[in-house]
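S.K.: I have a structure I would like to understand better, so I am pasting it below and will then ask my questions one at a time.
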Amino acid sequence: MARALRVFSYGAVLFVLLAIASVSFAEEDAAQEAAAPAPESVLTLDHSNFSETVKKHKFVVVEFYAPWCGHCKNLAPEYEKAATVLKSHDPPVVLAKVDANDEANKDLASEYDVKGFPTLKILRNGGENVQEYKGPRDADGIVEYLKKQAGPASAEIKSVEDAGKIIDDKKVFIVGVFSEFSGEEFENFMALAEKLRSDYDFGHTLDAKLLPHGDSPIKVPAVRLFKPFDERFVDTQDFHVEALEKFVEAVSVPIVTVFNKDPSNHPYVLKFFNSNNAKAMLFVNVSTEKFESFQSKYHTAAVEYKDKGVIFLLGDLETSQGAFQYFGLQEDQAPLILIQNVDGTKFLKERVEPDDVASWLKDYKEGRLKPFRKSEPIPEVNDQPVKVVVADSLHDVVFNSGKNVLLEFYAPWCGHCKKLAPILDEVAVSFESDVDVVIAKIDATANDYPMDIFDVKGYPTMYFSSANGKIVQYEGDRTKEDIIDFIQKNKDTIVQAESVKDDVPVKDEL
C-alpha cells in the first residue's frame with residue numbers, strides 16, 4: 001500500500017517536502033471519502049492494454065491511483081472534466097488512469113517509479129519519452145498546462161510583444177538565441193527543451209534585442225536563462241546537451257533559497273529539498289533586529305560554498321513549523337543552523353549568532369563538528385506487543401539482535417499510522433510465541449535513522465530486517481493477514497542467523 005507523503009506528487013498544491021509535511025501526512029477529511037463520479041472520458045488502463053494503448057498516441061497522461069486514496073478521489077472529477085475538454089483538442093490529449101494498487105498492475109507501477117498516489121506521468125511518442133506531470137490539480141489548470149505541454153517544447157519569439165507574453169518575471173525562462181534555426185547548436189537546444197519542458201519554459205529567437213534586458217550584449221549562438229532572483233540572467237555558449245542541462249540546473253536555483261509564505265518561492269524550496277547536495281538550513285525569526293545581519297553573512301557564506309557541494313536555505317521561523325517537526329527541533333533552539341549530509345548525517349548549532357555562521361561552516365567543511373543524532377530516550381519499560389525503537393536502540397533491536405524484525409516508521413499525527421496501529425498489535429500478538437520475530441515501531445519524526453538503508457518518503461513505511469540481515473521494504477496491503485504472510489515468507493531462523501548477526505545490513509528489494 002502506498003505511503004502518505006507522496007500523495008500530492010508534483011502538483012501546484014504541493015508546496016515543498018517539509019513546508020507541508022503536516023498536511024501531507026494529515027488525516028484525510030470526510031470530503032475526501034466522497035466517491036468520484038464514474039469516468040467517461042478518462043481511459044481505464046491495466047497491465048493487459050497499457051502498452052498497446054500508449055503506443056497508439058503521441059501524447060498520453062496517465063494517473064496511477066489507489067481506490068482508497070483520498071487525494072485520488074478529490075482529483076477524479078477534475079481529471080474527468082479536463083479529459084472531456086482535452087479529447088477534442090488539436091492535437092488530441094488523452095487522459096488515462098491505472099489502478100496501481102491492483103496486484104496485477106504492480107509491475108507496471110514499478111516500471112514507472114510510482115511511489116505514492118496519485119502519481120501522474122506524461123508519455124510522449126508512444127511512450128518513448130516519460131516525464132513527471134508537474135501542473136495544477138484543478139480541471140482548468142490541468143487543461144491549460146497540458147495544452148502547453150502538447151504544443152512545441154520551445155516557442156519562437158518574433159517580437160517584443162511575444163517576449164512579454166511568455167517570459168514571466170516571477171519564474172525561470174530559458175531562451176536560445178541563434179543566427180538561424182538550424183545546425184547542431186539549435187538541435188541541441190531543442191533537445192534540451194524537449195527533455196526539460198515539464199520543469200521550465202523555453203523560447204528561441206533570432207534577435208536578442210526582443211528580449212528583456214535586450215541592450216545587454218550577447219554573442220550568438222547562446223542560451224540566456226532569465227530568473228527572478230540573484231543576477232537576473234545568465235548566459236552560456238556550451239551547447240553540448242549534458243552541459244546545457246547542468247547549466248540550467250545549477251543557475252535556476254537561488255544562491256540562498258528563501259523559505260517563507262510567498263508561494264513564488266515554493267518551487268525553489270521543493271528543488272532545494274529534492275537536491276542530492278548537502279543542505280545547510282538557517283532558521284531565524286525574520287522580525288528580529290538581527291535578521292538583516294543573519295541574511296547578509298549567510299548569503300556571503302553561501303556564495304563561498306556554492307561550488308563545494310553545499311546548498312543553502314534561509315527559513316522564516318513562523319513558516320518552518322513543518323521543517324521543525326520533521327527534524328525534531330524546538331523553537332527555543334532558534335536561531336539555529338542545521339546541515340544534513342546526503343547520507344542523512346546532521347550537524348546542528350543552536351542559538352547561533354550572525355558572526356558564528358562563517359566559522360561554524362568552516363568547522364563543518366574541515367570535519368571538526370560532532371554529528372547531531374536525534375533520539376528519544378530508550379524506554380525503561382517496553383512490554384507492549386509492538387516494541388518501541390528509538391535512534392539509540394535501533395542497531396541493538398534491528399541490526400544486532402539476530403531476530404526477524406518488522407519495523408514501522410510512523411508519525412504520531414499520521415492518520416494512516418493510527419489506522420495501522422491496531423493491525424500491527426494483532427500481528428505482534430500472533431507472533432508472541434515465536435521468539436525469532438519482533439514487531440517494532442519508531443517515531444520517525446523524533447528519531448534519526450540511517451537514510452541510506454531506510455528510504456522513508458512517507459508514513460507509515462515498513463521495513464523487514466531478516467535474522468540473516470537482509471532488509472526489504474514491505475509494500476503489500478496493510479491487513480493482518482497480508483503482513484503475517486509476508487513475515488512468514490521472509491523470516492529466517494535464529495540458527496541460521498547466529499554467525500552473521502553482526503554483519504553490516506544489506507538493503508534489498510522485494
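For the C-alpha cells, the naming scheme is as follows: chains receive sequential letters (A, B, ...) according to their order of presentation, residues are indexed from 1 within each chain, and ligands are indexed from 1 in presentation order.
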If we count only C-alpha atoms, what is near region 424-428 of chain A at a cut-off of 7 Å, once residues fewer than 6 positions away on the same chain are taken out, given as a list in words?

M.R.: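 Once the adjacent positions are removed, what remains is Pro385, Val386, Ile439, Lys480 and Ile484 of chain A.
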
S.K.: Next, dump the selected residues to file, keeping only N, CA and C atoms, as a PDB file, in the first residue's frame.

M.R.:
```pdb
ATOM      1  N   PRO A 385       2.992  -5.426  22.906  1.00  0.00           N
ATOM      2  CA  PRO A 385       3.235  -6.346  21.781  1.00  0.00           C
ATOM      3  C   PRO A 385       4.132  -5.752  20.704  1.00  0.00           C
ATOM      4  N   VAL A 386       3.880  -4.482  20.332  1.00  0.00           N
ATOM      5  CA  VAL A 386       4.736  -3.784  19.360  1.00  0.00           C
ATOM      6  C   VAL A 386       5.808  -3.038  20.137  1.00  0.00           C
ATOM      7  N   ILE A 439       7.989  -7.384  16.263  1.00  0.00           N
ATOM      8  CA  ILE A 439       7.258  -6.312  15.586  1.00  0.00           C
ATOM      9  C   ILE A 439       7.566  -5.037  16.347  1.00  0.00           C
ATOM     10  N   LYS A 480      -3.854  -7.563   8.464  1.00  0.00           N
ATOM     11  CA  LYS A 480      -3.191  -8.507   9.369  1.00  0.00           C
ATOM     12  C   LYS A 480      -2.714  -9.727   8.596  1.00  0.00           C
ATOM     13  N   ILE A 484       1.259 -10.806   8.086  1.00  0.00           N
ATOM     14  CA  ILE A 484       1.704 -12.088   8.659  1.00  0.00           C
ATOM     15  C   ILE A 484       2.266 -12.992   7.562  1.00  0.00           C
TER      16      ILE A 484
END
```

S.K.: What's around Ser264 (chain A) at 12 Å? Count only C-alpha atoms, leave out sequence neighbours fewer than 5 positions away in its own chain, and write the answer as a VMD selection string.

M.R.: chain A and resid 12 15 to 16 168 to 172 227 to 229 257 to 259 269 to 270

S.K.: Identify, on the basis of only C-alpha atoms, every residue whose closest approach to Leu420 (chain A) does not exceed 12 Å; exclude the query and any residue fewer than 2 positions from it along the same chain; express the result as JSON, numbers by chain.

M.R.: {"A": [1, 386, 408, 409, 410, 411, 412, 414, 415, 416, 417, 418, 422, 423, 424, 425, 426, 427, 441, 459, 460, 461, 462, 477, 478, 479, 480, 483]}

S.K.: Pick out each residue of region 392-431 of chain A that DSSP on the backbone tags as helix (DSSP H, G or I); I need them as a PDB file with N, CA, C and O atoms, in the first residue's frame.

M.R.:
```
ATOM      1  N   ASP A 392      18.727   5.532  19.488  1.00  0.00           N
ATOM      2  CA  ASP A 392      19.818   4.964  20.280  1.00  0.00           C
ATOM      3  C   ASP A 392      19.693   3.460  20.504  1.00  0.00           C
ATOM      4  O   ASP A 392      20.632   2.829  20.997  1.00  0.00           O
ATOM      5  N   SER A 393      18.545   2.873  20.156  1.00  0.00           N
ATOM      6  CA  SER A 393      18.380   1.418  20.306  1.00  0.00           C
ATOM      7  C   SER A 393      18.182   0.711  18.981  1.00  0.00           C
ATOM      8  O   SER A 393      18.036  -0.512  18.931  1.00  0.00           O
ATOM      9  N   LEU A 394      18.196   1.483  17.887  1.00  0.00           N
ATOM     10  CA  LEU A 394      17.895   0.911  16.569  1.00  0.00           C
ATOM     11  C   LEU A 394      18.837  -0.224  16.200  1.00  0.00           C
ATOM     12  O   LEU A 394      18.398  -1.300  15.766  1.00  0.00           O
ATOM     13  N   HIS A 395      20.139  -0.026  16.376  1.00  0.00           N
ATOM     14  CA  HIS A 395      21.089  -1.062  15.977  1.00  0.00           C
ATOM     15  C   HIS A 395      20.950  -2.315  16.835  1.00  0.00           C
ATOM     16  O   HIS A 395      21.010  -3.442  16.331  1.00  0.00           O
ATOM     17  N   ASP A 396      20.733  -2.134  18.120  1.00  0.00           N
ATOM     18  CA  ASP A 396      20.609  -3.303  19.001  1.00  0.00           C
ATOM     19  C   ASP A 396      19.355  -4.102  18.708  1.00  0.00           C
ATOM     20  O   ASP A 396      19.389  -5.334  18.694  1.00  0.00           O
ATOM     21  N   VAL A 397      18.253  -3.426  18.465  1.00  0.00           N
ATOM     22  CA  VAL A 397      16.977  -4.121  18.270  1.00  0.00           C
ATOM     23  C   VAL A 397      16.847  -4.684  16.864  1.00  0.00           C
ATOM     24  O   VAL A 397      16.359  -5.804  16.671  1.00  0.00           O
ATOM     25  N   VAL A 398      17.290  -3.924  15.864  1.00  0.00           N
ATOM     26  CA  VAL A 398      17.044  -4.320  14.479  1.00  0.00           C
ATOM     27  C   VAL A 398      18.233  -5.041  13.853  1.00  0.00           C
ATOM     28  O   VAL A 398      18.093  -6.125  13.279  1.00  0.00           O
ATOM     29  N   PHE A 399      19.429  -4.451  13.950  1.00  0.00           N
ATOM     30  CA  PHE A 399      20.571  -4.991  13.224  1.00  0.00           C
ATOM     31  C   PHE A 399      21.334  -6.064  13.985  1.00  0.00           C
ATOM     32  O   PHE A 399      21.874  -6.993  13.384  1.00  0.00           O
ATOM     33  N   GLY A 415      -2.718   9.983  10.159  1.00  0.00           N
ATOM     34  CA  GLY A 415      -3.964   9.230  10.204  1.00  0.00           C
ATOM     35  C   GLY A 415      -3.818   7.800   9.745  1.00  0.00           C
ATOM     36  O   GLY A 415      -4.401   6.880  10.338  1.00  0.00           O
ATOM     37  N   HIS A 416      -3.038   7.574   8.698  1.00  0.00           N
ATOM     38  CA  HIS A 416      -2.835   6.215   8.198  1.00  0.00           C
ATOM     39  C   HIS A 416      -2.099   5.364   9.231  1.00  0.00           C
ATOM     40  O   HIS A 416      -2.338   4.157   9.352  1.00  0.00           O
ATOM     41  N   CYS A 417      -1.184   5.994   9.968  1.00  0.00           N
ATOM     42  CA  CYS A 417      -0.456   5.271  11.020  1.00  0.00           C
ATOM     43  C   CYS A 417      -1.399   4.844  12.134  1.00  0.00           C
ATOM     44  O   CYS A 417      -1.281   3.745  12.689  1.00  0.00           O
ATOM     45  N   LYS A 418      -2.333   5.732  12.482  1.00  0.00           N
ATOM     46  CA  LYS A 418      -3.296   5.413  13.534  1.00  0.00           C
ATOM     47  C   LYS A 418      -4.182   4.238  13.123  1.00  0.00           C
ATOM     48  O   LYS A 418      -4.534   3.396  13.956  1.00  0.00           O
ATOM     49  N   LYS A 419      -4.533   4.197  11.850  1.00  0.00           N
ATOM     50  CA  LYS A 419      -5.341   3.071  11.362  1.00  0.00           C
ATOM     51  C   LYS A 419      -4.551   1.766  11.375  1.00  0.00           C
ATOM     52  O   LYS A 419      -5.103   0.679  11.596  1.00  0.00           O
ATOM     53  N   LEU A 420      -3.244   1.879  11.141  1.00  0.00           N
ATOM     54  CA  LEU A 420      -2.404   0.684  11.093  1.00  0.00           C
ATOM     55  C   LEU A 420      -2.078   0.145  12.481  1.00  0.00           C
ATOM     56  O   LEU A 420      -1.846  -1.057  12.645  1.00  0.00           O
ATOM     57  N   ALA A 421      -2.069   1.016  13.497  1.00  0.00           N
ATOM     58  CA  ALA A 421      -1.609   0.636  14.834  1.00  0.00           C
ATOM     59  C   ALA A 421      -2.296  -0.610  15.390  1.00  0.00           C
ATOM     60  O   ALA A 421      -1.614  -1.552  15.824  1.00  0.00           O
ATOM     61  N   PRO A 422      -3.632  -0.695  15.419  1.00  0.00           N
ATOM     62  CA  PRO A 422      -4.263  -1.904  15.970  1.00  0.00           C
ATOM     63  C   PRO A 422      -3.989  -3.154  15.140  1.00  0.00           C
ATOM     64  O   PRO A 422      -3.964  -4.265  15.670  1.00  0.00           O
ATOM     65  N   ILE A 423      -3.762  -2.961  13.857  1.00  0.00           N
ATOM     66  CA  ILE A 423      -3.445  -4.120  12.999  1.00  0.00           C
ATOM     67  C   ILE A 423      -2.075  -4.676  13.365  1.00  0.00           C
ATOM     68  O   ILE A 423      -1.892  -5.890  13.483  1.00  0.00           O
ATOM     69  N   LEU A 424      -1.098  -3.784  13.573  1.00  0.00           N
ATOM     70  CA  LEU A 424       0.239  -4.241  13.975  1.00  0.00           C
ATOM     71  C   LEU A 424       0.197  -4.895  15.358  1.00  0.00           C
ATOM     72  O   LEU A 424       0.944  -5.839  15.617  1.00  0.00           O
ATOM     73  N   ASP A 425      -0.668  -4.379  16.241  1.00  0.00           N
ATOM     74  CA  ASP A 425      -0.825  -5.033  17.556  1.00  0.00           C
ATOM     75  C   ASP A 425      -1.276  -6.480  17.379  1.00  0.00           C
ATOM     76  O   ASP A 425      -0.757  -7.402  18.031  1.00  0.00           O
ATOM     77  N   GLU A 426      -2.230  -6.697  16.486  1.00  0.00           N
ATOM     78  CA  GLU A 426      -2.726  -8.048  16.240  1.00  0.00           C
ATOM     79  C   GLU A 426      -1.640  -8.931  15.633  1.00  0.00           C
ATOM     80  O   GLU A 426      -1.512 -10.112  15.977  1.00  0.00           O
ATOM     81  N   VAL A 427      -0.859  -8.346  14.714  1.00  0.00           N
ATOM     82  CA  VAL A 427       0.243  -9.103  14.116  1.00  0.00           C
ATOM     83  C   VAL A 427       1.241  -9.506  15.193  1.00  0.00           C
ATOM     84  O   VAL A 427       1.709 -10.652  15.250  1.00  0.00           O
ATOM     85  N   ALA A 428       1.588  -8.541  16.063  1.00  0.00           N
ATOM     86  CA  ALA A 428       2.564  -8.820  17.120  1.00  0.00           C
ATOM     87  C   ALA A 428       2.062  -9.901  18.063  1.00  0.00           C
ATOM     88  O   ALA A 428       2.821 -10.793  18.465  1.00  0.00           O
ATOM     89  N   VAL A 429       0.781  -9.849  18.421  1.00  0.00           N
ATOM     90  CA  VAL A 429       0.208 -10.868  19.308  1.00  0.00           C
ATOM     91  C   VAL A 429       0.274 -12.244  18.653  1.00  0.00           C
ATOM     92  O   VAL A 429       0.560 -13.256  19.305  1.00  0.00           O
ATOM     93  N   SER A 430       0.040 -12.296  17.348  1.00  0.00           N
ATOM     94  CA  SER A 430       0.059 -13.587  16.646  1.00  0.00           C
ATOM     95  C   SER A 430       1.445 -14.217  16.635  1.00  0.00           C
ATOM     96  O   SER A 430       1.585 -15.429  16.457  1.00  0.00           O
TER      97      SER A 430
END
```

S.K.: Which residues are near Leu282 (chain A)? Cut-off 9 Å, only C-alpha atoms, ignore same chain within fewer than 6 positions. Put them as a PyMOL selection string.

M.R.: chain A and resi 294+298+312-316+334-339

S.K.: Create the file for the chosen residues now, containing N, CA, C and O atoms and written as a compact mmCIF listing (two decimals), in the first residue's frame.

M.R.:
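Result file result_32.txt:
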```
# COMPACT_ATOMS: atom_id res chain seq x y z
N PHE A 294 22.02 38.40 9.85
CA PHE A 294 21.99 36.98 9.51
C PHE A 294 21.94 36.80 8.00
O PHE A 294 22.69 36.01 7.42
N TYR A 298 24.99 35.08 5.95
CA TYR A 298 24.63 33.76 5.41
C TYR A 298 24.78 33.75 3.90
O TYR A 298 25.27 32.78 3.31
N PHE A 312 22.04 26.19 0.19
CA PHE A 312 21.67 26.97 1.36
C PHE A 312 20.20 27.39 1.32
O PHE A 312 19.68 27.78 0.27
N LEU A 313 19.59 27.33 2.49
CA LEU A 313 18.21 27.75 2.65
C LEU A 313 18.10 28.64 3.88
O LEU A 313 18.68 28.34 4.94
N LEU A 314 17.35 29.74 3.76
CA LEU A 314 17.06 30.63 4.88
C LEU A 314 15.57 30.53 5.18
O LEU A 314 14.74 30.90 4.35
N GLY A 315 15.23 30.00 6.35
CA GLY A 315 13.84 29.74 6.68
C GLY A 315 13.28 30.71 7.70
O GLY A 315 13.90 30.97 8.74
N ASP A 316 12.11 31.24 7.39
CA ASP A 316 11.36 32.05 8.34
C ASP A 316 10.84 31.12 9.44
O ASP A 316 10.18 30.12 9.15
N ALA A 334 16.06 28.21 18.25
CA ALA A 334 16.36 29.20 17.22
C ALA A 334 16.89 30.49 17.86
O ALA A 334 16.59 30.78 19.02
N PRO A 335 17.67 31.24 17.04
CA PRO A 335 18.12 30.94 15.68
C PRO A 335 19.05 29.72 15.67
O PRO A 335 19.89 29.58 16.56
N LEU A 336 18.89 28.89 14.68
CA LEU A 336 19.72 27.69 14.59
C LEU A 336 20.11 27.44 13.15
O LEU A 336 19.42 27.84 12.22
N ILE A 337 21.24 26.76 13.00
CA ILE A 337 21.70 26.35 11.67
C ILE A 337 21.91 24.84 11.70
O ILE A 337 22.48 24.29 12.64
N LEU A 338 21.38 24.20 10.67
CA LEU A 338 21.42 22.74 10.58
C LEU A 338 21.96 22.36 9.21
O LEU A 338 21.56 22.94 8.20
N ILE A 339 22.86 21.39 9.19
CA ILE A 339 23.33 20.83 7.92
C ILE A 339 23.00 19.35 7.89
O ILE A 339 23.25 18.63 8.87
```

S.K.: Which residues are close to Tyr463 (chain A), i.e. within 7 Å by only C-alpha atoms, leaving aside same-chain residues fewer than 6 positions away? Reply as an MDAnalysis selection string.

M.R.: chainID A and resid 406:408 471:474

S.K.: Keeping only N, CA, C and O atoms, write the selected residues to a file as a PDB file, in the first residue's frame.

M.R.:
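Writing the result to selection_38.pdb gives the following:
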```pdb
ATOM      1  N   LEU A 406      10.118  -6.642  11.939  1.00  0.00           N
ATOM      2  CA  LEU A 406       9.303  -5.769  11.103  1.00  0.00           C
ATOM      3  C   LEU A 406       9.242  -4.426  11.803  1.00  0.00           C
ATOM      4  O   LEU A 406       8.737  -4.322  12.924  1.00  0.00           O
ATOM      5  N   LEU A 407       9.779  -3.387  11.165  1.00  0.00           N
ATOM      6  CA  LEU A 407       9.886  -2.073  11.783  1.00  0.00           C
ATOM      7  C   LEU A 407       9.024  -1.068  11.032  1.00  0.00           C
ATOM      8  O   LEU A 407       9.203  -0.850   9.832  1.00  0.00           O
ATOM      9  N   GLU A 408       8.100  -0.452  11.767  1.00  0.00           N
ATOM     10  CA  GLU A 408       7.249   0.592  11.187  1.00  0.00           C
ATOM     11  C   GLU A 408       7.830   1.965  11.499  1.00  0.00           C
ATOM     12  O   GLU A 408       8.133   2.275  12.652  1.00  0.00           O
ATOM     13  N   ILE A 471      17.463  -6.781   4.301  1.00  0.00           N
ATOM     14  CA  ILE A 471      16.471  -5.748   4.564  1.00  0.00           C
ATOM     15  C   ILE A 471      15.659  -5.477   3.304  1.00  0.00           C
ATOM     16  O   ILE A 471      16.213  -5.209   2.237  1.00  0.00           O
ATOM     17  N   VAL A 472      14.353  -5.577   3.431  1.00  0.00           N
ATOM     18  CA  VAL A 472      13.457  -5.293   2.316  1.00  0.00           C
ATOM     19  C   VAL A 472      12.336  -4.393   2.810  1.00  0.00           C
ATOM     20  O   VAL A 472      11.983  -4.401   3.986  1.00  0.00           O
ATOM     21  N   GLN A 473      11.787  -3.619   1.917  1.00  0.00           N
ATOM     22  CA  GLN A 473      10.664  -2.760   2.273  1.00  0.00           C
ATOM     23  C   GLN A 473       9.366  -3.520   2.072  1.00  0.00           C
ATOM     24  O   GLN A 473       9.190  -4.232   1.072  1.00  0.00           O
ATOM     25  N   TYR A 474       8.454  -3.385   3.028  1.00  0.00           N
ATOM     26  CA  TYR A 474       7.133  -4.002   2.893  1.00  0.00           C
ATOM     27  C   TYR A 474       6.230  -3.058   2.111  1.00  0.00           C
ATOM     28  O   TYR A 474       6.024  -1.909   2.502  1.00  0.00           O
TER      29      TYR A 474
END
```

S.K.: Which one of A:Thr445, A:Asn105, A:Ser198, A:Asn74 sits closest to Gly458 (chain A) if you count only C-alpha atoms?

M.R.: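 Closest residue, counting only C-alpha atoms: A:Thr445.
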
S.K.: Between CA of Thr119 (chain A) and CA of Glu63 (chain A), what distance in Å does the model show, to one decimal?

M.R.: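 CA of Glu63 (chain A) lies 5.7 Å from CA of Thr119 (chain A).
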
S.K.: Contacts of Glu187 (chain A) at 10 Å or less, counting only C-alpha atoms, minus same-chain residues fewer than 6 places along, as a list in words?

M.R.: Phe181, Ala193, Phe239 and Val241 of chain A

S.K.: Write a file of the selected residues as a PDB file, in the first residue's frame, keeping C-alpha atoms.

M.R.:
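Listed below is the output, selection04.pdb:
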```
ATOM      1  CA  PHE A 181      17.093  27.889 -36.670  1.00  0.00           C
ATOM      2  CA  ALA A 193      13.758  21.971 -24.260  1.00  0.00           C
ATOM      3  CA  PHE A 239      25.794  23.668 -26.487  1.00  0.00           C
ATOM      4  CA  VAL A 241      23.240  18.745 -24.238  1.00  0.00           C
TER       5      VAL A 241
END
```

S.K.: Need to verify the contact set: Pro354 (chain A), 9 Å, only C-alpha atoms, exclusion of same-chain residues closer than 3 positions in sequence. Can you return it as a count of residues only?

M.R.: 10

S.K.: Figure out the distance between CA of Glu304 (chain A) and CA of Asn341 (chain A), please, to one decimal in Å.

M.R.: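 Spanning CA of Asn341 (chain A) to CA of Glu304 (chain A) is a straight-line distance of 17.9 Å.
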
S.K.: How far is it from CA of Lys387 (chain A) to CA of Ala440 (chain A), in Å with one decimal?

M.R.: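 Separation between CA of Lys387 (chain A) and CA of Ala440 (chain A): 4.4 Å.
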
S.K.: Using only C-alpha atoms, find the one residue out of A:Lys370, A:Gly214, A:Glu40, A:Ala208 that sits nearest to Thr345 (chain A).

M.R.: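 Looking at the shortest contact to Thr345 (chain A), the residue is A:Lys370.
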
S.K.: Kindly indicate which residue among A:Ala250, A:Leu146, A:Leu206, A:Val234 lies nearest to Phe173 (chain A), using only C-alpha atoms for the distances.

M.R.: A:Val234

S.K.: Go through A:Asp90, A:Asp113, A:Glu156, A:Asp199 and flag the residue nearest Lys271 (chain A), using only C-alpha atoms for the distances.

M.R.: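 Nearest to Lys271 (chain A): A:Asp199.
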
S.K.: Could you pull out the strand (DSSP E) residues of region 273-340 of chain A from DSSP and send them as a count of residues only?

M.R.: 19
